[in-house]
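**Q** Contents of upload.pdb (PDB, C-alpha atoms and all ligand atoms) are given next:
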ATOM      1  CA  MET A   1       0.000   0.000   0.000
ATOM      2  CA  GLN A   2       1.178   3.487  -0.809
ATOM      3  CA  HIS A   3       1.720   6.651   1.211
ATOM      4  CA  ILE A   4      -0.126   9.509  -0.457
ATOM      5  CA  LEU A   5       0.134  13.163   0.564
ATOM      6  CA  ILE A   6      -2.573  15.432  -0.823
ATOM      7  CA  THR A   7      -2.760  19.194  -0.364
ATOM      8  CA  GLY A   8      -6.184  20.694   0.242
ATOM      9  CA  GLY A   9      -7.723  17.298   0.903
ATOM     10  CA  ASN A  10     -10.279  18.653   3.358
ATOM     11  CA  THR A  11     -12.870  19.702   0.784
ATOM     12  CA  GLY A  12     -13.877  19.790  -2.885
ATOM     13  CA  ILE A  13     -11.938  17.757  -5.439
ATOM     14  CA  GLY A  14      -9.165  17.006  -2.940
ATOM     15  CA  LYS A  15     -11.517  15.384  -0.432
ATOM     16  CA  ALA A  16     -13.159  13.279  -3.142
ATOM     17  CA  THR A  17      -9.712  12.229  -4.426
ATOM     18  CA  ALA A  18      -8.563  11.324  -0.913
ATOM     19  CA  THR A  19     -11.758   9.324  -0.317
ATOM     20  CA  ALA A  20     -11.402   7.347  -3.554
ATOM     21  CA  LEU A  21      -7.752   6.546  -2.843
ATOM     22  CA  ALA A  22      -8.526   5.663   0.785
ATOM     23  CA  LYS A  23     -11.044   3.129  -0.513
ATOM     24  CA  LYS A  24      -8.147   1.437  -2.305
ATOM     25  CA  GLY A  25      -6.484   0.953   1.103
ATOM     26  CA  HIS A  26      -3.661   3.493   0.864
ATOM     27  CA  THR A  27      -2.314   5.600   3.727
ATOM     28  CA  ILE A  28      -3.551   9.130   3.113
ATOM     29  CA  ILE A  29      -2.086  12.281   4.601
ATOM     30  CA  LEU A  30      -4.092  15.477   4.195
ATOM     31  CA  ALA A  31      -1.944  18.614   4.181
ATOM     32  CA  CYS A  32      -4.382  21.392   5.071
ATOM     33  CA  ARG A  33      -4.355  24.834   6.618
ATOM     34  CA  ASN A  34      -7.378  24.398   8.872
ATOM     35  CA  GLU A  35      -7.247  21.740  11.572
ATOM     36  CA  SER A  36     -10.960  21.525  12.364
ATOM     37  CA  LYS A  37     -11.901  21.234   8.662
ATOM     38  CA  ALA A  38      -9.221  18.569   8.230
ATOM     39  CA  LYS A  39     -10.483  16.576  11.219
ATOM     40  CA  GLU A  40     -14.036  16.687   9.894
ATOM     41  CA  ALA A  41     -12.803  15.484   6.501
ATOM     42  CA  ILE A  42     -10.817  12.659   8.103
ATOM     43  CA  LYS A  43     -13.932  11.482   9.933
ATOM     44  CA  HIS A  44     -15.882  11.522   6.662
ATOM     45  CA  ILE A  45     -13.141   9.735   4.689
ATOM     46  CA  LYS A  46     -12.739   7.054   7.372
ATOM     47  CA  GLU A  47     -16.487   6.412   7.396
ATOM     48  CA  LYS A  48     -16.745   6.222   3.613
ATOM     49  CA  SER A  49     -13.623   4.135   3.050
ATOM     50  CA  LYS A  50     -13.483   1.986   6.197
ATOM     51  CA  ASN A  51      -9.788   2.869   6.181
ATOM     52  CA  GLU A  52      -8.310   4.151   9.447
ATOM     53  CA  ALA A  53      -4.967   5.218   7.950
ATOM     54  CA  ILE A  54      -5.998   8.810   7.267
ATOM     55  CA  HIS A  55      -3.846  11.547   8.792
ATOM     56  CA  TYR A  56      -3.504  15.304   8.912
ATOM     57  CA  LEU A  57      -0.543  17.660   8.790
ATOM     58  CA  GLU A  58      -0.876  21.400   9.066
ATOM     59  CA  CYS A  59       0.226  23.159   5.904
ATOM     60  CA  ASP A  60      -0.591  26.715   4.911
ATOM     61  CA  LEU A  61       0.681  27.017   1.361
ATOM     62  CA  ALA A  62       0.667  30.788   1.746
ATOM     63  CA  SER A  63       3.526  30.502   4.242
ATOM     64  CA  PHE A  64       6.961  29.076   3.449
ATOM     65  CA  GLU A  65       7.546  28.502   7.154
ATOM     66  CA  SER A  66       4.383  26.401   7.434
ATOM     67  CA  ILE A  67       5.383  24.382   4.339
ATOM     68  CA  LYS A  68       8.811  23.704   5.783
ATOM     69  CA  ASN A  69       7.313  22.623   9.102
ATOM     70  CA  CYS A  70       4.875  20.341   7.293
ATOM     71  CA  SER A  71       7.683  18.713   5.281
ATOM     72  CA  TYR A  72       9.756  18.272   8.434
ATOM     73  CA  GLU A  73       6.817  16.689  10.276
ATOM     74  CA  TYR A  74       6.121  14.470   7.288
ATOM     75  CA  HIS A  75       9.682  13.117   7.352
ATOM     76  CA  GLN A  76       9.453  12.545  11.125
ATOM     77  CA  GLN A  77       6.062  10.856  11.148
ATOM     78  CA  PHE A  78       5.999   8.881   7.916
ATOM     79  CA  GLY A  79       9.518   8.634   6.440
ATOM     80  CA  LYS A  80       8.239   7.395   3.068
ATOM     81  CA  LEU A  81       6.213   8.923   0.263
ATOM     82  CA  ASP A  82       4.949   7.290  -2.927
ATOM     83  CA  ILE A  83       2.527   9.864  -4.331
ATOM     84  CA  LEU A  84       2.309  13.612  -3.920
ATOM     85  CA  ILE A  85      -0.904  15.230  -5.148
ATOM     86  CA  ASN A  86      -0.565  18.988  -5.423
ATOM     87  CA  ASN A  87      -4.280  19.721  -5.423
ATOM     88  CA  ALA A  88      -4.927  22.790  -3.240
ATOM     89  CA  GLY A  89      -5.714  26.011  -5.029
ATOM     90  CA  LEU A  90      -7.630  29.229  -4.985
ATOM     91  CA  ILE A  91      -9.122  31.865  -7.226
ATOM     92  CA  SER A  92      -9.146  35.449  -6.071
ATOM     93  CA  ASP A  93     -10.329  38.581  -7.829
ATOM     94  CA  LYS A  94      -8.524  40.978  -5.548
ATOM     95  CA  LEU A  95      -4.821  41.433  -5.000
ATOM     96  CA  GLN A  96      -3.752  39.574  -1.887
ATOM     97  CA  PHE A  97      -0.376  38.364  -0.682
ATOM     98  CA  THR A  98       1.191  35.317   0.926
ATOM     99  CA  LYS A  99       3.000  35.689   4.244
ATOM    100  CA  ASP A 100       6.247  35.937   2.271
ATOM    101  CA  GLY A 101       5.017  38.760   0.067
ATOM    102  CA  PHE A 102       3.968  36.950  -3.114
ATOM    103  CA  GLU A 103       0.763  37.522  -5.050
ATOM    104  CA  LEU A 104      -1.574  34.950  -3.475
ATOM    105  CA  GLN A 105      -2.482  32.873  -6.537
ATOM    106  CA  ILE A 106       1.034  32.355  -7.899
ATOM    107  CA  GLY A 107       2.198  32.096  -4.277
ATOM    108  CA  VAL A 108      -0.173  29.312  -3.208
ATOM    109  CA  ASN A 109      -1.031  27.581  -6.477
ATOM    110  CA  HIS A 110       2.555  27.436  -7.751
ATOM    111  CA  LEU A 111       5.308  28.590  -5.357
ATOM    112  CA  GLY A 112       3.882  26.876  -2.273
ATOM    113  CA  HIS A 113       3.616  23.587  -4.121
ATOM    114  CA  PHE A 114       7.039  24.126  -5.672
ATOM    115  CA  LEU A 115       8.607  24.417  -2.215
ATOM    116  CA  LEU A 116       6.608  21.509  -0.772
ATOM    117  CA  THR A 117       7.614  19.269  -3.682
ATOM    118  CA  LYS A 118      11.268  20.223  -3.351
ATOM    119  CA  GLN A 119      11.220  19.474   0.364
ATOM    120  CA  LEU A 120       9.716  16.021  -0.253
ATOM    121  CA  ILE A 121      11.501  15.063  -3.468
ATOM    122  CA  GLY A 122      14.153  13.013  -1.653
ATOM    123  CA  LEU A 123      11.470  10.688  -0.257
ATOM    124  CA  LEU A 124       9.831  10.388  -3.665
ATOM    125  CA  GLU A 125      13.166   9.490  -5.228
ATOM    126  CA  GLU A 126      13.488   6.613  -2.767
ATOM    127  CA  ALA A 127      10.076   5.163  -3.717
ATOM    128  CA  THR A 128       9.873   2.406  -6.340
ATOM    129  CA  GLU A 129       7.049   3.916  -8.365
ATOM    130  CA  ALA A 130       6.813   7.535  -7.279
ATOM    131  CA  ARG A 131       4.237   9.880  -8.775
ATOM    132  CA  ILE A 132       3.518  13.583  -8.649
ATOM    133  CA  VAL A 133       0.053  14.731  -9.698
ATOM    134  CA  ASN A 134      -0.380  18.455 -10.278
ATOM    135  CA  VAL A 135      -3.947  19.742 -10.449
ATOM    136  CA  SER A 136      -3.938  22.469 -13.085
ATOM    137  CA  SER A 137      -6.917  23.798 -15.062
ATOM    138  CA  LYS A 138      -8.245  24.465 -18.524
ATOM    139  CA  ALA A 139      -7.794  28.109 -17.528
ATOM    140  CA  HIS A 140      -4.092  27.647 -18.311
ATOM    141  CA  TYR A 141      -4.905  28.000 -22.042
ATOM    142  CA  ARG A 142      -5.388  31.708 -21.415
ATOM    143  CA  GLY A 143      -2.374  31.915 -19.137
ATOM    144  CA  LYS A 144       0.888  33.777 -19.679
ATOM    145  CA  ILE A 145       3.848  33.965 -17.349
ATOM    146  CA  ASN A 146       4.723  37.498 -16.355
ATOM    147  CA  PHE A 147       7.480  37.300 -13.774
ATOM    148  CA  ASN A 148       6.868  40.954 -12.971
ATOM    149  CA  THR A 149       3.552  40.105 -11.338
ATOM    150  CA  PHE A 150       4.824  37.521  -8.849
ATOM    151  CA  LYS A 151       5.057  40.133  -6.119
ATOM    152  CA  GLY A 152       1.937  42.009  -7.210
ATOM    153  CA  GLU A 153       4.002  44.662  -8.977
ATOM    154  CA  LEU A 154       1.053  45.909 -11.084
ATOM    155  CA  GLY A 155      -0.804  47.076  -7.985
ATOM    156  CA  SER A 156      -4.437  46.506  -7.052
ATOM    157  CA  ASP A 157      -5.885  48.846  -9.730
ATOM    158  CA  LYS A 158      -4.437  46.799 -12.579
ATOM    159  CA  TYR A 159      -4.834  43.436 -10.881
ATOM    160  CA  ASN A 160      -6.661  40.892 -13.028
ATOM    161  CA  GLY A 161      -7.621  37.922 -10.860
ATOM    162  CA  MET A 162      -8.452  35.648 -13.782
ATOM    163  CA  ALA A 163      -5.114  36.386 -15.462
ATOM    164  CA  ALA A 164      -3.339  35.628 -12.182
ATOM    165  CA  TYR A 165      -5.261  32.361 -11.805
ATOM    166  CA  SER A 166      -4.547  31.327 -15.413
ATOM    167  CA  GLN A 167      -0.880  32.179 -14.922
ATOM    168  CA  SER A 168      -0.682  30.005 -11.813
ATOM    169  CA  LYS A 169      -2.384  27.086 -13.584
ATOM    170  CA  LEU A 170       0.003  27.411 -16.553
ATOM    171  CA  ALA A 171       2.825  27.354 -13.997
ATOM    172  CA  ASN A 172       1.490  23.983 -12.706
ATOM    173  CA  ILE A 173       2.003  22.436 -16.166
ATOM    174  CA  LEU A 174       5.390  24.057 -16.795
ATOM    175  CA  PHE A 175       6.478  22.827 -13.355
ATOM    176  CA  THR A 176       5.387  19.286 -14.311
ATOM    177  CA  LYS A 177       7.346  19.452 -17.583
ATOM    178  CA  GLU A 178      10.519  20.554 -15.827
ATOM    179  CA  LEU A 179      10.076  18.008 -13.015
ATOM    180  CA  VAL A 180      10.262  15.257 -15.621
ATOM    181  CA  LYS A 181      13.561  16.627 -16.931
ATOM    182  CA  ARG A 182      15.109  16.943 -13.497
ATOM    183  CA  TYR A 183      13.569  13.848 -11.879
ATOM    184  CA  PRO A 184      12.869  11.452 -14.758
ATOM    185  CA  LYS A 185      12.368   8.455 -12.462
ATOM    186  CA  ILE A 186       9.344  10.102 -10.863
ATOM    187  CA  CYS A 187       6.155   9.889 -12.922
ATOM    188  CA  SER A 188       4.753  13.430 -13.021
ATOM    189  CA  HIS A 189       1.563  14.502 -14.761
ATOM    190  CA  SER A 190      -0.832  17.448 -14.652
ATOM    191  CA  LEU A 191      -4.566  17.662 -15.251
ATOM    192  CA  HIS A 192      -7.763  19.612 -15.635
ATOM    193  CA  PRO A 193     -10.412  18.091 -13.323
ATOM    194  CA  GLY A 194     -13.449  19.400 -15.238
ATOM    195  CA  VAL A 195     -15.740  22.210 -14.143
ATOM    196  CA  VAL A 196     -16.561  20.939 -10.700
ATOM    197  CA  LYS A 197     -19.152  21.979  -8.161
ATOM    198  CA  THR A 198     -16.966  23.195  -5.283
ATOM    199  CA  GLU A 199     -16.684  26.328  -3.182
ATOM    200  CA  ILE A 200     -13.565  27.608  -4.909
ATOM    201  CA  ALA A 201     -15.142  30.775  -6.302
ATOM    202  CA  SER A 202     -17.031  31.741  -3.173
ATOM    203  CA  LYS A 203     -13.937  32.027  -0.962
ATOM    204  CA  ASN A 204     -11.154  34.565  -0.651
ATOM    205  CA  GLY A 205     -13.401  37.598  -0.651
ATOM    206  CA  ASN A 206     -14.399  37.149  -4.291
ATOM    207  CA  LYS A 207     -16.813  39.827  -5.435
ATOM    208  CA  ARG A 208     -20.514  39.268  -5.627
ATOM    209  CA  LEU A 209     -20.658  39.235  -9.441
ATOM    210  CA  TRP A 210     -18.105  36.419  -9.654
ATOM    211  CA  ARG A 211     -19.929  34.436  -6.999
ATOM    212  CA  TYR A 212     -23.219  35.053  -8.790
ATOM    213  CA  LEU A 213     -21.832  33.841 -12.145
ATOM    214  CA  TRP A 214     -20.378  30.740 -10.473
ATOM    215  CA  LYS A 215     -23.771  30.042  -8.924
ATOM    216  CA  MET A 216     -25.440  30.420 -12.349
ATOM    217  CA  ILE A 217     -23.257  27.716 -13.914
ATOM    218  CA  THR A 218     -23.416  25.439 -10.857
ATOM    219  CA  PRO A 219     -26.237  23.259 -12.274
ATOM    220  CA  PHE A 220     -24.022  22.423 -15.268
ATOM    221  CA  MET A 221     -21.051  21.386 -13.199
ATOM    222  CA  ILE A 222     -19.943  17.862 -12.396
ATOM    223  CA  ASP A 223     -19.860  16.621  -8.800
ATOM    224  CA  THR A 224     -16.627  16.202  -6.862
ATOM    225  CA  THR A 225     -16.537  12.411  -7.251
ATOM    226  CA  LYS A 226     -16.451  12.847 -11.032
ATOM    227  CA  GLY A 227     -14.079  15.809 -10.651
ATOM    228  CA  ALA A 228     -11.636  13.593  -8.746
ATOM    229  CA  LYS A 229     -11.539  10.877 -11.407
ATOM    230  CA  THR A 230      -8.522  12.128 -13.363
ATOM    231  CA  SER A 231      -6.489  12.735 -10.165
ATOM    232  CA  VAL A 232      -7.348   9.217  -8.991
ATOM    233  CA  TYR A 233      -6.514   7.781 -12.415
ATOM    234  CA  LEU A 234      -3.107   9.489 -12.484
ATOM    235  CA  SER A 235      -2.420   8.282  -8.934
ATOM    236  CA  SER A 236      -3.306   4.668  -9.548
ATOM    237  CA  SER A 237      -3.276   3.613 -13.187
ATOM    238  CA  ASP A 238      -0.335   1.571 -14.475
ATOM    239  CA  GLU A 239      -0.833   2.992 -17.984
ATOM    240  CA  VAL A 240       0.378   6.441 -16.989
ATOM    241  CA  LEU A 241       3.628   5.056 -15.582
ATOM    242  CA  ARG A 242       4.736   4.334 -19.156
ATOM    243  CA  ILE A 243       4.613   8.022 -20.124
ATOM    244  CA  ASN A 244       5.762  11.143 -18.318
ATOM    245  CA  GLY A 245       5.064  14.875 -18.080
ATOM    246  CA  LYS A 246       1.686  14.806 -19.819
ATOM    247  CA  TYR A 247      -1.467  16.888 -19.364
ATOM    248  CA  PHE A 248      -4.799  15.061 -18.893
ATOM    249  CA  GLU A 249      -8.497  15.796 -19.043
ATOM    250  CA  LYS A 250     -11.243  13.195 -18.499
ATOM    251  CA  GLN A 251      -8.523  10.576 -17.915
ATOM    252  CA  LYS A 252      -7.157  11.115 -21.412
ATOM    253  CA  GLU A 253      -3.969  12.772 -22.541
ATOM    254  CA  LYS A 254      -4.590  16.198 -24.022
ATOM    255  CA  GLU A 255      -2.417  18.780 -25.724
ATOM    256  CA  PRO A 256      -1.869  21.756 -23.396
ATOM    257  CA  SER A 257      -1.243  25.291 -24.651
ATOM    258  CA  ILE A 258       1.793  26.226 -26.764
ATOM    259  CA  LEU A 259       3.276  28.084 -23.802
ATOM    260  CA  ALA A 260       2.819  25.037 -21.568
ATOM    261  CA  ASN A 261       5.011  23.089 -24.000
ATOM    262  CA  ASP A 262       7.777  25.703 -24.077
ATOM    263  CA  PRO A 263      10.906  24.113 -22.536
ATOM    264  CA  VAL A 264      12.746  27.436 -22.256
ATOM    265  CA  LEU A 265       9.879  28.933 -20.263
ATOM    266  CA  ALA A 266       9.646  25.829 -18.060
ATOM    267  CA  LYS A 267      13.355  26.033 -17.254
ATOM    268  CA  LYS A 268      13.153  29.753 -16.553
ATOM    269  CA  LEU A 269      10.129  29.328 -14.271
ATOM    270  CA  TRP A 270      11.967  26.634 -12.333
ATOM    271  CA  GLU A 271      15.072  28.797 -11.938
ATOM    272  CA  VAL A 272      13.104  31.886 -10.909
ATOM    273  CA  SER A 273      11.004  29.851  -8.449
ATOM    274  CA  GLU A 274      14.122  28.299  -6.962
ATOM    275  CA  GLU A 275      15.651  31.724  -6.505
ATOM    276  CA  LEU A 276      12.510  33.190  -4.927
ATOM    277  CA  ILE A 277      12.328  30.323  -2.504
ATOM    278  CA  SER A 278      16.014  30.308  -1.661
ATOM    279  CA  ASP A 279      15.644  33.935  -0.561
ATOM    280  CA  TYR A 280      13.342  32.704   2.177
ATOM    281  CA  ILE A 281      14.783  29.305   3.026
ATOM    282  CA  GLY A 282      17.659  30.958   4.885
ATOM    283  CA  ARG A 283      15.223  32.567   7.298
ATOM    284  CA  TYR A 284      14.128  29.247   8.702
ATOM    285  CA  ALA A 285      17.396  27.350   8.423
TER
HETATM  286  N1  LIG B 301     -13.664  23.490  -9.243
HETATM  287  C1  LIG B 301     -13.312  23.580 -10.512
HETATM  288  O1  LIG B 301     -14.186  23.693 -11.405
HETATM  289  C2  LIG B 301     -11.869  23.521 -10.913
HETATM  290  C3  LIG B 301     -11.563  23.613 -12.290
HETATM  291  C4  LIG B 301     -10.242  23.530 -12.678
HETATM  292  C5  LIG B 301      -9.245  23.360 -11.738
HETATM  293  N2  LIG B 301      -9.544  23.288 -10.403
HETATM  294  C6  LIG B 301      -8.449  23.102  -9.447
HETATM  295  O2  LIG B 301      -8.787  22.060  -8.555
HETATM  296  C7  LIG B 301      -8.087  22.225  -7.319
HETATM  297  C8  LIG B 301      -9.050  22.016  -6.168
HETATM  298  O3  LIG B 301     -10.030  23.037  -6.204
HETATM  299  P1  LIG B 301     -11.544  22.843  -5.726
HETATM  300  O4  LIG B 301     -12.417  23.246  -6.851
HETATM  301  O5  LIG B 301     -11.706  21.533  -5.087
HETATM  302  O6  LIG B 301     -11.659  24.030  -4.657
HETATM  303  P2  LIG B 301     -12.001  24.044  -3.093
HETATM  304  O7  LIG B 301     -13.177  23.196  -2.813
HETATM  305  O8  LIG B 301     -12.019  25.479  -2.699
HETATM  306  O9  LIG B 301     -10.715  23.323  -2.469
HETATM  307  C9  LIG B 301      -9.458  23.963  -2.517
HETATM  308  C10 LIG B 301      -8.581  23.398  -1.432
HETATM  309  O10 LIG B 301      -7.353  24.155  -1.415
HETATM  310  C11 LIG B 301      -7.127  24.572  -0.084
HETATM  311  N3  LIG B 301      -6.322  25.793   0.015
HETATM  312  C12 LIG B 301      -6.572  27.020  -0.484
HETATM  313  N4  LIG B 301      -5.628  27.880  -0.072
HETATM  314  C13 LIG B 301      -4.755  27.171   0.701
HETATM  315  C14 LIG B 301      -3.590  27.486   1.431
HETATM  316  N5  LIG B 301      -3.111  28.731   1.511
HETATM  317  N6  LIG B 301      -2.954  26.506   2.105
HETATM  318  C15 LIG B 301      -3.428  25.235   2.087
HETATM  319  N7  LIG B 301      -4.542  24.877   1.430
HETATM  320  C16 LIG B 301      -5.194  25.831   0.766
HETATM  321  C17 LIG B 301      -8.510  24.791   0.499
HETATM  322  O11 LIG B 301      -8.463  24.879   1.913
HETATM  323  P3  LIG B 301      -9.690  25.546   2.748
HETATM  324  O12 LIG B 301     -10.799  24.534   2.752
HETATM  325  O13 LIG B 301      -9.084  25.777   4.094
HETATM  326  O14 LIG B 301     -10.072  26.799   2.016
HETATM  327  C18 LIG B 301      -9.194  23.547  -0.038
HETATM  328  O15 LIG B 301      -8.851  22.429   0.756
HETATM  329  C19 LIG B 301      -7.485  23.626  -7.379
HETATM  330  O16 LIG B 301      -6.112  23.530  -7.679
HETATM  331  C20 LIG B 301      -8.211  24.304  -8.540
HETATM  332  O17 LIG B 301      -7.422  25.287  -9.166
HETATM  333  C21 LIG B 301     -10.854  23.373  -9.977
END
Please render this file's structure as structure tokens.
**A**
Amino acid sequence: MQHILITGGNTGIGKATATALAKKGHTIILACRNESKAKEAIKHIKEKSKNEAIHYLECDLASFESIKNCSYEYHQQFGKLDILINNAGLISDKLQFTKDGFELQIGVNHLGHFLLTKQLIGLLEEATEARIVNVSSKAHYRGKINFNTFKGELGSDKYNGMAAYSQSKLANILFTKELVKRYPKICSHSLHPGVVKTEIASKNGNKRLWRYLWKMITPFMIDTTKGAKTSVYLSSSDEVLRINGKYFEKQKEKEPSILANDPVLAKKLWEVSEELISDYIGRYA
């Protein structure tokens, strides 16, 4: 049985993914920022799966210190990792910042997961069939990487929340592509889960109009069990072990955007991310 760490497993697509994988008998560790939500989710997952090996580690992806503590605790408590599912994410239509001063969406959706992955990569390298699953989005097709927005340089007047979200979701795919180059033994893929009925758009102070529009399309959305299918597939299917660095939708390989396939951009994003993180790593060393 495998050890699976999933970020944001307390609700939405993450909870449904964790439940499905728990039903297969794996040890599941939820890395979440809110302890009471995580405990509630654990109770639910245990009931649904009849699997008692469901655990929680505190991890606020908007704080490098919290991510480092989570990784440290993970090493102490579990000492092995087979699958890392970078699932947590947010959409925000107003400029907000992580604790380390990064624009919240690139900070949480990309940089937080970048640091977490780097801190855990040694354990993944020791596993026989390690996998990394990065939950991206169809929104990446509209995404561009503008390194001059990573610290919210455009200011709140010019902030475009959708552009920031799309950028962060493009970063998820570029990160996957570069992971494969640097860690070819680990099977890394990214995915779009579908348009899924979750609370993602009603959090983070999103404006009424956005929330209203989300509510309008809610009846046409798929439920979280369906939304988790591609994450579960990439975490458990043998087929995907034969390929690497691909983008999936509805459990099928799909061509991502031209930018997502740009190796120069992927390398640059990795190097910039590494530099941004190394600035902060010293603080907690
Ligand atoms: N729903 C869709 O239609 C859709 C479409 C395409 C892609 N996606 C992607 O799917 C993934 C899951 O989203 P969802 O729809 O399931 O949304 P959700 O229900 O809002 O779940 C998001 C999860 O991320 C967690 N999270 C947010 N900020 C965090 C932080 N700073 N530190 C740690 N965890 C944090 C949330 O924690 P809290 O519960 O504490 O807020 C929650 O557990 C995201 O990456 C999203 O971009 C969703």
**Q** Give the residues close to ligand LIG 301 (chain B), within 8 Å, counting all atoms listed in the file; write them as an NGL selection string.
**A** :A and (7-15 or 31-34 or 37 or 59-63 or 86-91 or 98 or 108-109 or 135-139 or 165 or 169 or 192-201 or 203 or 221 or 224 or 227)
**Q** Could you expand the PyMOL selection byres (((chain A and resi 128) around 12) and not hetatm) into the explicit residues it covers here, written as JSON, numbers by chain?
**A** {"A": [1, 2, 3, 80, 81, 82, 83, 123, 124, 125, 126, 127, 129, 130, 131, 185, 186, 187, 241]}
**Q** Could you check which of A:Pro256, A:Gly112, A:Gly245, A:Gly155 is closest to A:Arg142, using only C-alpha atoms?
**A** A:Pro256
**Q** Determine the residue membership of the PyMOL selection byres (((chain A and resi 75) around 12) and not hetatm) for the file above and supply it as a list in words.
**A**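 When the PyMOL selection byres (((chain A and resi 75) around 12) and not hetatm) is applied, the selected residues are His3, Leu5, Leu57, Lys68, Asn69, Cys70, Ser71, Tyr72, Glu73, Tyr74, Gln76, Gln77, Phe78, Gly79, Lys80, Leu81, Gln119, Leu120, Ile121, Gly122, Leu123 and Leu124 of chain A.
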**Q** Could you tell me which of A:Tyr212, A:Phe175, A:Trp270, A:Phe102 comes closest to A:Val133 if we count all atoms listed in the file?
**A**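 Selected residue with least distance to A:Val133: A:Phe175.
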**Q** Can you work out the spacing between atom CA of A:Pro263 and atom CA of A:Val180 in Å, to one decimal?
**A**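 The value is 11.3 Å.
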**Q** Which polymer residues have any atom within 10 Å of an atom of A:His55, counting only C-alpha atoms, with same-chain residues fewer than 6 positions away left out, as a list in words?
**A**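 Using only C-alpha atoms, the neighbours found are Leu5, Thr27, Ile28, Ile29, Leu30, Ala31, Ala38, Lys39 and Ile42 of chain A.
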**Q** Mind pulling up the distance from atom CA of A:Glu178 to atom CA of A:Arg242?
**A**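 So the two atoms, atom CA of A:Arg242 and atom CA of A:Glu178, lie 17.5 Å apart.
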**Q** Just give me the gap between atom CA of A:Lys229 and atom CA of A:Leu84 in Å, one decimal is fine.
**A**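 Result for atom CA of A:Lys229 versus atom CA of A:Leu84: 16.0 Å, one decimal.
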**Q** From the set A:Glu103, A:Glu35, A:Glu52, A:Glu47, which residue has the shortest atom-to-atom contact distance to A:Ser156, counting all atoms listed in the file?
**A**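 Of A:Glu103, A:Glu35, A:Glu52, A:Glu47, the one nearest A:Ser156, counting all atoms listed in the file, is A:Glu103.
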**Q** Between A:Lys215, A:Lys226, A:Lys43, A:His189, single out the one closest to A:Thr17, counting all atoms listed in the file.
**A**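 For A:Thr17, the nearest of the candidates is A:Lys226.
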